[in-house]
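Just work_2.csv here, CSV, C-alpha atoms:
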```
chain,number,residue,atom,x,y,z
A,1,MET,CA,0.0,0.0,0.0
A,2,PHE,CA,2.7,2.4,1.0
A,3,LEU,CA,4.8,1.4,-2.1
A,4,LYS,CA,1.8,2.1,-4.3
A,5,LYS,CA,1.4,5.6,-2.9
A,6,VAL,CA,5.1,6.3,-3.3
A,7,CYS,CA,4.9,5.1,-6.9
A,8,LYS,CA,1.9,7.3,-7.6
A,9,ILE,CA,3.7,10.3,-6.1
A,10,PHE,CA,6.8,9.5,-8.1
A,11,VAL,CA,4.8,9.3,-11.4
A,12,VAL,CA,3.1,12.6,-10.7
A,13,LEU,CA,6.4,14.2,-9.8
A,14,LEU,CA,8.0,12.8,-13.0
A,15,MET,CA,5.1,14.2,-15.1
A,16,PHE,CA,5.5,17.6,-13.5
A,17,SER,CA,9.2,17.6,-14.1
A,18,LEU,CA,8.8,16.6,-17.7
A,19,VAL,CA,6.2,19.3,-18.2
A,20,GLY,CA,8.6,21.7,-16.5
A,21,CYS,CA,11.5,20.7,-18.7
A,22,ALA,CA,9.3,21.2,-21.8
A,23,ALA,CA,8.3,24.6,-20.7
A,24,SER,CA,11.8,25.7,-19.9
A,25,ASN,CA,13.0,24.4,-23.2
A,26,LYS,CA,10.3,26.4,-25.0
A,27,SER,CA,11.3,29.6,-23.1
A,28,LYS,CA,14.9,29.1,-24.0
A,29,THR,CA,14.3,28.7,-27.7
A,30,THR,CA,15.5,31.8,-29.5
A,31,LYS,CA,13.6,32.9,-32.6
A,32,LYS,CA,15.6,32.0,-35.6
A,33,PRO,CA,15.8,34.4,-38.5
A,34,VAL,CA,13.5,33.6,-41.4
A,35,ASP,CA,16.4,33.6,-43.8
A,36,SER,CA,20.0,34.1,-42.7
A,37,ARG,CA,20.7,36.0,-45.9
A,38,VAL,CA,18.5,38.9,-44.6
A,39,ALA,CA,19.7,40.7,-41.5
A,40,ILE,CA,18.4,43.6,-39.6
A,41,VAL,CA,21.5,45.3,-38.2
A,42,ASP,CA,19.8,47.4,-35.5
A,43,VAL,CA,18.8,45.1,-32.6
A,44,ALA,CA,15.9,47.3,-31.6
A,45,VAL,CA,14.5,47.4,-35.1
A,46,ALA,CA,14.9,43.6,-35.4
A,47,ARG,CA,12.8,43.1,-32.4
A,48,LYS,CA,10.0,45.6,-33.3
A,49,LEU,CA,10.0,45.1,-37.0
A,50,PRO,CA,11.0,41.5,-37.7
A,51,VAL,CA,11.3,40.0,-41.1
A,52,ILE,CA,8.5,37.4,-41.6
A,53,ASP,CA,9.0,36.1,-45.1
A,54,VAL,CA,11.7,36.0,-47.8
A,55,ILE,CA,11.0,34.9,-51.4
A,56,ALA,CA,13.8,34.5,-53.9
A,57,HIS,CA,13.7,33.2,-57.4
A,58,THR,CA,15.4,33.4,-60.7
A,59,ARG,CA,13.3,34.9,-63.5
A,60,PRO,CA,13.2,33.4,-67.1
A,61,ASP,CA,15.7,36.1,-68.2
A,62,GLY,CA,18.2,34.9,-65.6
A,63,LEU,CA,18.0,37.7,-63.2
A,64,MET,CA,17.5,36.9,-59.5
A,65,GLU,CA,14.6,38.6,-57.8
A,66,VAL,CA,14.1,38.9,-54.0
A,67,GLN,CA,11.2,40.0,-52.0
A,68,VAL,CA,11.5,40.5,-48.2
A,69,THR,CA,8.4,41.0,-46.1
A,70,GLY,CA,8.5,42.3,-42.5
A,71,ARG,CA,6.0,43.6,-40.1
A,72,ASN,CA,6.0,46.8,-38.0
A,73,TYR,CA,4.4,45.7,-34.7
A,74,THR,CA,4.7,49.2,-33.3
A,75,SER,CA,2.4,52.2,-33.5
A,76,THR,CA,5.2,54.3,-34.9
A,77,TYR,CA,6.1,55.0,-38.5
A,78,TYR,CA,9.7,54.0,-39.3
A,79,ASN,CA,11.9,55.1,-42.1
A,80,LEU,CA,14.1,52.1,-42.9
A,81,GLU,CA,16.9,51.5,-45.3
A,82,TYR,CA,18.0,48.4,-47.1
A,83,LYS,CA,21.1,47.4,-49.0
A,84,ALA,CA,21.2,44.4,-51.3
A,85,GLU,CA,24.5,42.7,-52.2
A,86,TRP,CA,24.6,40.3,-55.0
A,87,ILE,CA,26.9,37.3,-55.1
A,88,ASP,CA,28.1,35.3,-58.1
A,89,LYS,CA,28.6,31.5,-58.3
A,90,ASN,CA,32.1,31.8,-56.9
A,91,GLY,CA,30.9,33.6,-53.8
A,92,LEU,CA,32.3,37.0,-55.0
A,93,VAL,CA,30.3,40.2,-54.5
A,94,ILE,CA,29.1,41.8,-57.7
A,95,LYS,CA,29.9,45.5,-57.7
A,96,THR,CA,26.9,47.5,-58.6
A,97,ILE,CA,25.3,50.9,-58.1
A,98,LEU,CA,22.2,49.0,-56.9
A,99,SER,CA,24.1,48.0,-53.8
A,100,ARG,CA,23.4,51.2,-51.9
A,101,TRP,CA,21.3,52.1,-48.9
A,102,THR,CA,17.8,52.7,-50.2
A,103,ALA,CA,15.1,54.2,-48.0
A,104,PHE,CA,11.7,52.5,-47.7
A,105,PRO,CA,8.7,53.1,-45.4
A,106,ALA,CA,7.5,50.8,-42.6
A,107,TYR,CA,4.0,52.1,-41.6
A,108,GLU,CA,2.7,51.5,-38.2
A,109,GLN,CA,1.0,48.2,-37.5
A,110,SER,CA,1.6,47.2,-41.1
A,111,GLU,CA,3.7,44.9,-43.3
A,112,TYR,CA,6.6,46.4,-45.1
A,113,ILE,CA,8.0,45.0,-48.4
A,114,VAL,CA,11.4,45.3,-50.0
A,115,LYS,CA,11.9,44.1,-53.5
A,116,ALA,CA,15.2,43.9,-55.4
A,117,VAL,CA,16.3,42.7,-58.7
A,118,ALA,CA,19.9,41.5,-59.4
A,119,PRO,CA,21.9,43.7,-61.8
A,120,LYS,CA,23.1,40.8,-63.9
A,121,ALA,CA,22.4,37.1,-64.5
A,122,ALA,CA,25.7,36.2,-62.9
A,123,ALA,CA,24.1,36.8,-59.4
A,124,VAL,CA,23.1,33.5,-57.8
A,125,ASP,CA,22.8,34.6,-54.2
A,126,PHE,CA,22.2,37.7,-52.2
A,127,ARG,CA,22.6,39.4,-48.8
A,128,ILE,CA,20.2,42.0,-47.6
A,129,LYS,CA,20.9,44.3,-44.7
A,130,ILE,CA,18.2,46.5,-43.1
A,131,ARG,CA,18.7,49.4,-40.8
A,132,LYS,CA,16.9,52.4,-39.4
A,133,GLY,CA,17.1,55.4,-41.7
A,134,GLU,CA,17.7,59.0,-40.8
B,1,MET,CA,68.4,103.9,-0.2
B,2,ASN,CA,69.6,100.8,-2.0
B,3,ALA,CA,66.9,98.7,-0.4
B,4,VAL,CA,64.2,101.1,-1.6
B,5,LYS,CA,65.6,101.0,-5.2
B,6,LYS,CA,65.7,97.2,-5.0
B,7,ASN,CA,62.1,97.1,-3.8
B,8,ARG,CA,61.0,99.4,-6.6
B,9,ARG,CA,62.9,97.3,-9.2
B,10,ILE,CA,61.2,94.1,-7.9
B,11,LYS,CA,57.8,95.8,-8.1
B,12,LEU,CA,58.4,97.0,-11.6
B,13,HIS,CA,59.5,93.5,-12.6
B,14,ALA,CA,56.4,91.9,-11.1
B,15,ILE,CA,54.1,94.4,-12.9
B,16,SER,CA,55.8,93.7,-16.3
B,17,MET,CA,55.6,90.0,-15.6
B,18,SER,CA,51.9,90.2,-14.9
B,19,LEU,CA,51.3,92.2,-18.1
B,20,LEU,CA,53.2,89.7,-20.1
B,21,PHE,CA,51.2,86.9,-18.6
B,22,LYS,CA,47.9,88.7,-19.4
B,23,GLN,CA,49.1,89.2,-23.0
B,24,ILE,CA,50.0,85.5,-23.4
B,25,ILE,CA,46.5,84.6,-22.1
B,26,ILE,CA,44.7,87.0,-24.5
B,27,ILE,CA,46.8,85.8,-27.5
B,28,SER,CA,46.2,82.1,-26.7
B,29,PHE,CA,42.5,82.8,-26.2
B,30,ILE,CA,42.2,84.6,-29.6
B,31,SER,CA,44.2,81.8,-31.4
B,32,VAL,CA,41.9,79.2,-29.9
B,33,LEU,CA,38.9,81.1,-31.0
B,34,ILE,CA,40.2,81.5,-34.6
B,35,SER,CA,41.2,77.9,-34.9
B,36,GLY,CA,37.7,76.9,-33.6
B,37,CYS,CA,36.1,78.9,-36.3
B,38,ALA,CA,38.1,77.3,-39.1
B,39,THR,CA,36.2,74.5,-40.9
B,40,THR,CA,38.3,71.4,-41.4
B,41,THR,CA,38.0,69.6,-44.7
B,42,GLN,CA,36.9,66.0,-44.5
B,43,ASN,CA,36.5,63.3,-47.1
B,44,ILE,CA,33.0,62.1,-47.7
B,45,ASP,CA,32.2,58.5,-47.0
B,46,MET,CA,30.4,57.9,-50.3
B,47,ASN,CA,29.1,54.5,-49.1
B,48,ASN,CA,27.4,55.8,-46.0
B,49,ASP,CA,27.0,59.5,-46.3
B,50,ARG,CA,24.5,60.7,-43.7
B,51,GLY,CA,25.6,64.3,-44.1
B,52,GLN,CA,23.1,67.2,-44.2
B,53,ALA,CA,21.0,67.4,-47.3
B,54,VAL,CA,21.3,70.4,-49.6
B,55,MET,CA,18.5,72.3,-51.5
B,56,GLY,CA,20.3,71.7,-54.8
B,57,LEU,CA,21.1,68.4,-56.3
B,58,ASP,CA,24.1,66.5,-55.0
B,59,TYR,CA,25.6,63.2,-55.9
B,60,ARG,CA,23.3,61.3,-53.6
B,61,ASP,CA,20.3,62.5,-55.5
B,62,PHE,CA,21.8,61.4,-58.8
B,63,GLN,CA,22.7,58.0,-57.3
B,64,LYS,CA,19.2,57.6,-56.0
B,65,ALA,CA,17.6,58.6,-59.3
B,66,ALA,CA,19.9,56.3,-61.3
B,67,GLY,CA,19.5,53.4,-59.0
B,68,GLU,CA,15.7,53.7,-59.1
B,69,SER,CA,15.7,53.9,-62.9
B,70,ILE,CA,18.0,50.9,-63.4
B,71,GLY,CA,16.0,48.8,-60.9
B,72,SER,CA,12.7,49.7,-62.6
B,73,MET,CA,14.2,49.0,-66.0
B,74,LEU,CA,15.5,45.6,-65.0
B,75,GLU,CA,12.3,44.7,-63.1
B,76,SER,CA,10.1,45.6,-66.2
B,77,GLY,CA,12.0,43.2,-68.4
B,78,ALA,CA,12.1,45.9,-71.2
B,79,LEU,CA,15.7,45.1,-71.8
B,80,ASN,CA,15.1,41.4,-72.5
B,81,LYS,CA,15.7,41.1,-76.3
B,82,PRO,CA,13.4,38.6,-77.9
B,83,GLY,CA,15.6,35.7,-79.1
B,84,GLY,CA,18.4,36.7,-76.7
B,85,GLY,CA,21.4,38.9,-77.2
B,86,ARG,CA,22.0,42.5,-76.3
B,87,TYR,CA,20.2,45.6,-77.4
B,88,VAL,CA,22.2,48.5,-79.0
B,89,LEU,CA,21.3,51.6,-77.1
B,90,VAL,CA,21.9,55.2,-78.1
B,91,ILE,CA,21.7,58.1,-75.6
B,92,SER,CA,19.3,60.7,-77.0
B,93,ARG,CA,18.5,64.1,-75.6
B,94,ILE,CA,18.4,64.6,-71.9
B,95,ILE,CA,16.9,68.0,-71.1
B,96,ASN,CA,18.0,69.9,-68.0
B,97,ASP,CA,14.9,71.9,-67.1
B,98,THR,CA,16.2,72.9,-63.7
B,99,MET,CA,17.7,76.2,-62.4
B,100,GLN,CA,21.0,74.4,-61.9
B,101,ARG,CA,23.8,73.9,-64.2
B,102,ILE,CA,23.8,70.1,-64.5
B,103,ASP,CA,25.8,67.9,-66.7
B,104,THR,CA,23.2,65.3,-67.5
B,105,ASP,CA,26.0,62.7,-67.7
B,106,GLN,CA,25.9,62.7,-63.9
B,107,LEU,CA,22.7,60.7,-64.2
B,108,ILE,CA,23.1,59.0,-67.6
B,109,LYS,CA,26.6,57.7,-67.1
B,110,LYS,CA,25.6,55.8,-64.0
B,111,ILE,CA,22.8,54.2,-65.9
B,112,ARG,CA,24.9,53.4,-69.0
B,113,VAL,CA,27.7,51.8,-66.9
B,114,GLU,CA,25.2,49.6,-65.0
B,115,LEU,CA,23.3,48.5,-68.0
B,116,LEU,CA,26.5,47.7,-69.9
B,117,GLN,CA,28.0,45.7,-67.0
B,118,GLY,CA,24.6,43.9,-66.6
B,119,GLY,CA,25.0,42.5,-70.1
B,120,LYS,CA,21.6,43.5,-71.3
B,121,VAL,CA,22.7,46.4,-73.4
B,122,VAL,CA,25.6,47.8,-75.4
B,123,VAL,CA,25.8,51.5,-75.9
B,124,THR,CA,26.8,53.1,-79.2
B,125,THR,CA,29.0,56.2,-79.1
B,126,ALA,CA,29.0,56.5,-82.9
B,127,VAL,CA,25.6,58.2,-83.0
B,128,GLY,CA,24.2,61.1,-80.9
B,129,THR,CA,21.8,64.0,-81.1
B,130,THR,CA,24.7,66.4,-81.7
B,131,GLY,CA,26.8,64.1,-83.8
B,132,ALA,CA,28.8,61.2,-82.7
B,133,GLU,CA,29.7,61.0,-79.0
B,134,ASP,CA,33.1,59.7,-79.9
B,135,LYS,CA,34.1,61.3,-83.2
B,136,MET,CA,37.1,59.1,-83.6
B,137,THR,CA,34.8,56.3,-85.0
B,138,MET,CA,34.4,58.3,-88.2
B,139,GLN,CA,37.8,60.0,-88.1
B,140,ALA,CA,39.5,56.7,-88.0
B,141,ARG,CA,37.7,55.7,-91.2
B,142,GLU,CA,39.4,58.6,-93.0
B,143,LEU,CA,42.6,56.6,-92.7
B,144,ARG,CA,41.3,54.6,-95.7
B,145,LYS,CA,42.6,57.4,-97.9
B,146,THR,CA,46.2,57.2,-96.8
B,147,ASP,CA,48.8,54.6,-97.8
B,148,GLU,CA,50.6,55.1,-94.5
B,149,PHE,CA,48.3,52.7,-92.8
B,150,LYS,CA,48.0,49.0,-93.3
B,151,GLN,CA,44.5,49.0,-94.8
B,152,SER,CA,43.6,45.6,-93.3
B,153,THR,CA,43.8,47.3,-89.9
B,154,VAL,CA,41.6,50.2,-90.8
B,155,ALA,CA,37.9,49.9,-89.8
B,156,GLY,CA,36.0,48.4,-92.7
B,157,LYS,CA,32.8,49.6,-94.4
B,158,GLY,CA,29.4,48.4,-93.1
B,159,GLN,CA,30.8,47.3,-89.7
B,160,MET,CA,29.1,49.8,-87.4
B,161,ILE,CA,25.9,48.6,-85.7
B,162,ALA,CA,22.9,50.9,-85.7
B,163,PRO,CA,21.0,51.5,-82.4
B,164,GLU,CA,17.8,49.7,-81.6
B,165,LEU,CA,16.9,51.5,-78.4
B,166,SER,CA,17.0,55.2,-77.5
B,167,LEU,CA,17.2,56.6,-74.0
B,168,SER,CA,15.8,60.1,-73.7
B,169,GLY,CA,14.7,62.1,-70.7
B,170,LYS,CA,14.2,65.3,-68.8
B,171,ILE,CA,15.1,66.7,-65.3
B,172,ILE,CA,12.5,69.1,-64.0
B,173,GLN,CA,12.7,71.4,-61.0
B,174,ARG,CA,9.7,73.0,-59.3
B,175,ASN,CA,9.9,75.5,-56.5
B,176,VAL,CA,7.0,75.9,-54.1
B,177,ARG,CA,6.8,78.5,-51.3
B,178,VAL,CA,5.6,76.8,-48.2
B,179,THR,CA,5.7,79.7,-45.7
B,180,SER,CA,7.5,83.0,-45.6
B,181,SER,CA,10.6,81.3,-44.3
B,182,LEU,CA,10.2,77.8,-45.9
B,183,GLN,CA,10.5,76.6,-49.4
B,184,GLN,CA,10.0,73.3,-51.1
B,185,THR,CA,12.0,72.2,-54.2
B,186,GLU,CA,10.9,69.1,-56.2
B,187,TYR,CA,13.1,67.4,-58.8
B,188,TYR,CA,11.6,65.0,-61.3
B,189,PHE,CA,13.9,62.7,-63.2
B,190,GLN,CA,12.0,61.4,-66.2
B,191,LEU,CA,13.4,58.8,-68.6
B,192,THR,CA,12.0,57.0,-71.6
B,193,LEU,CA,13.3,54.0,-73.4
B,194,THR,CA,12.1,53.9,-77.0
B,195,ASP,CA,12.3,51.2,-79.6
B,196,ILE,CA,13.7,53.0,-82.6
B,197,ASN,CA,12.3,50.6,-85.1
B,198,THR,CA,8.7,51.1,-84.0
B,199,GLY,CA,8.9,54.4,-82.2
B,200,LEU,CA,7.1,52.8,-79.2
B,201,ALA,CA,8.2,53.5,-75.6
B,202,LEU,CA,9.2,50.2,-74.0
B,203,TRP,CA,9.8,51.6,-70.6
B,204,GLU,CA,9.2,54.9,-68.8
B,205,GLY,CA,10.3,55.9,-65.3
B,206,GLU,CA,10.2,58.8,-63.0
B,207,SER,CA,12.0,59.4,-59.8
B,208,VAL,CA,11.0,62.3,-57.6
B,209,ILE,CA,13.2,63.9,-55.0
B,210,GLY,CA,11.7,66.5,-52.7
B,211,LYS,CA,13.5,68.9,-50.4
B,212,ARG,CA,12.2,71.4,-47.9
B,213,GLY,CA,14.4,74.0,-46.4
B,214,SER,CA,15.0,77.7,-45.6
B,215,ASN,CA,14.1,80.3,-48.1
B,216,LYS,CA,17.6,81.7,-47.6
B,217,SER,CA,19.1,78.6,-49.2
B,218,VAL,CA,19.2,78.8,-52.9
B,219,SER,CA,18.5,75.9,-55.2
B,220,TRP,CA,20.5,76.9,-58.2
```
Go ahead and render the structure in this file as structure tokens.
Amino acid sequence: MFLKKVCKIFVVLLMFSLVGCAASNKSKTTKKPVDSRVAIVDVAVARKLPVIDVIAHTRPDGLMEVQVTGRNYTSTYYNLEYKAEWIDKNGLVIKTILSRWTAFPAYEQSEYIVKAVAPKAAAVDFRIKIRKGE
Amino acid sequence: MNAVKKNRRIKLHAISMSLLFKQIIIISFISVLISGCATTTQNIDMNNDRGQAVMGLDYRDFQKAAGESIGSMLESGALNKPGGGRYVLVISRIINDTMQRIDTDQLIKKIRVELLQGGKVVVTTAVGTTGAEDKMTMQARELRKTDEFKQSTVAGKGQMIAPELSLSGKIIQRNVRVTSSLQQTEYYFQLTLTDINTGLALWEGESVIGKRGSNKSVSW
């Protein structure tokens, strides 16, 4: 009888501990970036205006096209800037006038979208940086 | 008697020393003030220039307009030649309708370089609105008349390629008075890409740059 009680208590404790572990694991999980090729360089901006989706494809004419979607969870309008760098098959950065800080709006409580087209068909990969504008 | 003279000499020396000290302080103060007023020259970080905007057009505005135009052109697919290959582009008239003295090449050269490097277009310099952009193309052909040149190295007849596309445009300025002390200047960079064969515009783009500032600053 006593052993049965001890067993029951042990099972209940084990269940609690398992649930506790699961919860603590969940809380420790850090939110992974949607695409490692897109980075928000300002920590505060990354928290408040995270990137939620990245679409990249190569068009029939050979040019790579990228669309980054983020969301402004705040009630403040943000003037953001992005810079797209294009990379060829050897991993080398393609020098282009299109790789410059370009302003775009992130309206309050809305999604923001950045769209970029590669300057030449040699671009097979990309890096996009986003920061707070002036 | 000697002691009185000595005292007077010491006093005079002390007075002259304090005067000298005052002079040094004043001179050093003035020199600090002057050096503080002098503006030091700095190189601009062209890759991340967050310097103050100007009412006129500066290199950042041309970069922005050129970047937007190229991006829009590439996105539209207007430069994709049916059947592959590259279009031959000629730069037509770019009108400067602003109050500023602008060399329109500040805008067009950026676009030309980017399109050429992108492999979608080659630009001809043998044709232009005011004659050939590079007159040497024709002048070199005059060497056909002279025996001094090996004729097989002289450019042959029927070798030049005629343009298929023409890039024309206009830069417009509009000044608006906002208040008695505030003005607004708008710049419009308008470009058109025309198929010379059909006369139809394949692509058109406009970039607008707006500036608001003091009435005292001039935008020309």
Using only C-alpha atoms, select each residue of chain B with any atom at most 10 Å away from an atom of chain A, and give the selection as a VMD selection string. chain B and resid 46 to 50 63 to 64 66 to 68 70 to 75 77 79 to 81 84 110 to 111 113 to 120
Among listed residues B:Gly199, B:Gly205, B:Gly156, B:Gly210, nearest Arg174 (chain B) (using all atoms listed in the file):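 Of all the options, B:Gly210 lies closest to Arg174 (chain B).
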One decimal place gives the CA of Ser207 (chain B)-CA of Arg37 (chain A) separation as 28.6 Å
Would you mind listing what lies within 7 Å of Asn175 (chain B) as a PDB file with C-alpha atoms, in the coordinates of the input, with only C-alpha atoms counted and same-chain residues fewer than 4 positions away left out?
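That gives us selection-v2.pdb:
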```
ATOM      1  CA  GLN B 184      10.000  73.300 -51.100  1.00  0.00           C
ATOM      2  CA  THR B 185      12.000  72.200 -54.200  1.00  0.00           C
ATOM      3  CA  GLU B 186      10.900  69.100 -56.200  1.00  0.00           C
TER       4      GLU B 186
END
```
Interatomic distance between CA of Gln159 (chain B) and CA of Val121 (chain B)? 18.2 Å
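The gap separating CA of Val90 (chain B) from CA of Ala126 (chain B) is 8.7 Å, in Å to one decimal.
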Please report, as JSON, the centre and edge lengths in Å to one decimal of an axis-aligned box covering all listed atoms of region 122-139 of chain B with 8 Å per side.
```
{"center_x": 29.8, "center_y": 57.1, "center_z": -81.8, "size_x": 32.0, "size_y": 34.6, "size_z": 28.8}
```
Which of these, B:Glu133, B:Asp61, B:Glu148, B:Asp195, has the shortest distance to Pro163 (chain B) once you count only C-alpha atoms?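 Of all the options, B:Asp195 lies closest to Pro163 (chain B).
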